[in-house]
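Here is the structure we will look at.
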Amino acid sequence: MSDAKSIVVTAATELFGKKDPSAVDRWVSADYTQHSALAADGPEALRGLVAGLADDFRYDGARVLADGNLVALHGIYHGFGPEPLVGFDIFRVDDDGKLAEHWDALTPLVENTVSGRSQTDGPTDVTDVDKTEANRALVTEFARKVLVGADYSVLTDYISTETYAQHNPEAADGLDGFGAAAAKWAEQGKNLVYTKVHKVIAEGEFVLLQSEGVFGVPVAYYDLFRVQGGRIVEHWDVIAPVPAELPHTNGLF
């Protein structure tokens, strides 16, 4: 486990597992920069958030990816509100080993999905570490040409035609399943529009994109892809509307 990954896992366990506000003193930088819609800027706002967590609050982690000083978490929050929330969190760890910056996106947990897969199940362990850079390059090019460039004629250059396991709750498996979902969304006035990719976090077969765009309204897209044999074979995501106001001036990205 990388140093950054170990730091974030330990800090998150103490903050959100043990619900210990004093963990802020041990793990959070004095100039902690917040991009979440749930908290104000700085360590004291985080301390207040942790101190206010309900007794029944818990976090069920599914995946942890580390890419240099950036660490991404994928899991389910219970107790932030009346229903569970699926979330991606990204933390930047500074040179002193402290959490220095945080981004996230949350969406309601859906029990009955079109594919029958949950929003977080599937492979979790990072194995193909030697393929990290090749997989990063593949997904980055896919994002540039297909997501931002909207050139769907090259889709099969990047996504497997044999296996494409889908965890978006409204889409079935396979390219046909994605196409049917995209057509339905378009009928609802929600075309998938990506305007900018802000972060690419890659470790082994997993590559996470943090992007902004429009899905009926301005949104943050968090797309996690699993690559195997030079093609994308699995996809998880969170699409979160950009709020009109944030409790800080740092933006979501």
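Numbering starts fresh at 1 for the residues of each chain in the structure tokens, the chains themselves are lettered A, B, ... in the order given, and ligands are numbered from 1 as they appear.
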For Glu234 (chain A), find every residue with an atom within 7 Å (counting only C-alpha atoms), except residues of its own chain fewer than 5 positions away, and show them as a ChimeraX atom specification. /A:164-166,225-226
Sorted by chain and rising residue number, list the residues of region 123-190 of chain A at most 12 Å from region 80-87 of chain A (counting only C-alpha atoms), each with its closest atom pair and distance in Å to one decimal, as CSV.
residue,atom,partner,partner_atom,distance
A:His167,CA,A:Val86,CA,11.5
A:Asn168,CA,A:Val86,CA,11.2
A:Pro169,CA,A:Val86,CA,11.3
What residues in region 7-251 of chain A get the DSSP label strand (DSSP E)? Please answer as a count of residues only. 89
Each residue of region 57-157 of chain A lying at most 9 Å from region 190-214 of chain A should get a row with its shortest atom-to-atom pair and the distance in Å to one decimal, counting only C-alpha atoms; could you produce that, ordered by chain and increasing number, as a Markdown table?
| residue | atom | partner | partner_atom | distance |
| --- | --- | --- | --- | --- |
| A:Leu65 | CA | A:Glu203 | CA | 6.0 |
| A:Ala66 | CA | A:Glu203 | CA | 6.2 |
| A:Asp67 | CA | A:Ile201 | CA | 5.8 |
| A:Gly68 | CA | A:Ile201 | CA | 8.9 |
| A:Leu70 | CA | A:Ile201 | CA | 7.4 |
| A:Val71 | CA | A:Ile201 | CA | 8.0 |
| A:Ala72 | CA | A:Ile201 | CA | 7.7 |
| A:Val126 | CA | A:Gly204 | CA | 5.6 |
| A:Thr127 | CA | A:Gly204 | CA | 5.9 |
| A:Asp128 | CA | A:Gly204 | CA | 4.3 |
| A:Val129 | CA | A:Gly204 | CA | 3.9 |
| A:Asp130 | CA | A:Gly204 | CA | 6.7 |
| A:Lys131 | CA | A:Gly204 | CA | 5.7 |
| A:Thr132 | CA | A:Gly204 | CA | 4.4 |
| A:Glu133 | CA | A:Ala202 | CA | 7.6 |
| A:Asn135 | CA | A:Glu205 | CA | 6.5 |
| A:Arg136 | CA | A:Ala202 | CA | 5.8 |
| A:Val139 | CA | A:Val207 | CA | 7.0 |
| A:Thr140 | CA | A:Val200 | CA | 7.3 |
| A:Ala143 | CA | A:Val197 | CA | 7.5 |
| A:Arg144 | CA | A:Val197 | CA | 8.3 |
| A:Leu147 | CA | A:Tyr194 | CA | 5.7 |
| A:Val148 | CA | A:Tyr194 | CA | 4.8 |
| A:Gly149 | CA | A:Tyr194 | CA | 8.2 |
| A:Ala150 | CA | A:Val193 | CA | 8.0 |
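The protein and nucleic acid residues lying at most 12 Å from Glu14 (chain A) are Ile7, Val8, Val9, Thr10, Lys18, Lys19, Asp20, Pro21, Ser22, Ala23, Val24, Asp25, Arg26, Trp27, Val28, Arg47, Val50, Ala51, Arg58 and Tyr59 of chain A, with only C-alpha atoms considered and sequence neighbours fewer than 4 positions away removed.
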What are the closest atom pairs, with distances in Å to one decimal, for each residue of region 24-126 of chain A lying within 9 Å of region 237-248 of chain A, using only C-alpha atoms, rows by chain and rising residue number, as a Markdown table?
| residue | atom | partner | partner_atom | distance |
| --- | --- | --- | --- | --- |
| A:Gln34 | CA | A:His248 | CA | 7.5 |
| A:His35 | CA | A:His248 | CA | 7.6 |
| A:Ser36 | CA | A:Leu246 | CA | 8.0 |
| A:Ala37 | CA | A:Leu246 | CA | 5.5 |
| A:Leu38 | CA | A:Pro247 | CA | 7.4 |
| A:Ala39 | CA | A:Pro247 | CA | 6.2 |
| A:Ala40 | CA | A:Pro247 | CA | 4.8 |
| A:Asp41 | CA | A:His248 | CA | 5.7 |
| A:Val86 | CA | A:Val238 | CA | 7.4 |
| A:Gly87 | CA | A:Val238 | CA | 6.9 |
| A:Phe88 | CA | A:Val238 | CA | 7.4 |
| A:Ala105 | CA | A:Ala240 | CA | 5.9 |
| A:Leu106 | CA | A:Ala240 | CA | 6.2 |
| A:Thr107 | CA | A:Val238 | CA | 6.1 |
| A:Gln119 | CA | A:Asp237 | CA | 7.6 |
Find, counting only C-alpha atoms, the residue in A:Thr33, A:Glu162, A:Lys98, A:Glu170 that gets nearest to Asn250 (chain A). A:Thr33
Pull the alpha helix (DSSP H) assignments for region 1-248 of chain A out of DSSP run on the backbone, and list those residues as a PyMOL selection string. chain A and resi 3-12+23-27+43-51+132-142+174-187
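Between Ser2 (chain A) and the residues A:Asn69, A:Ala137, A:Gly179, A:Lys145, the shortest atom-to-atom distance, using only C-alpha atoms, involves A:Asn69.
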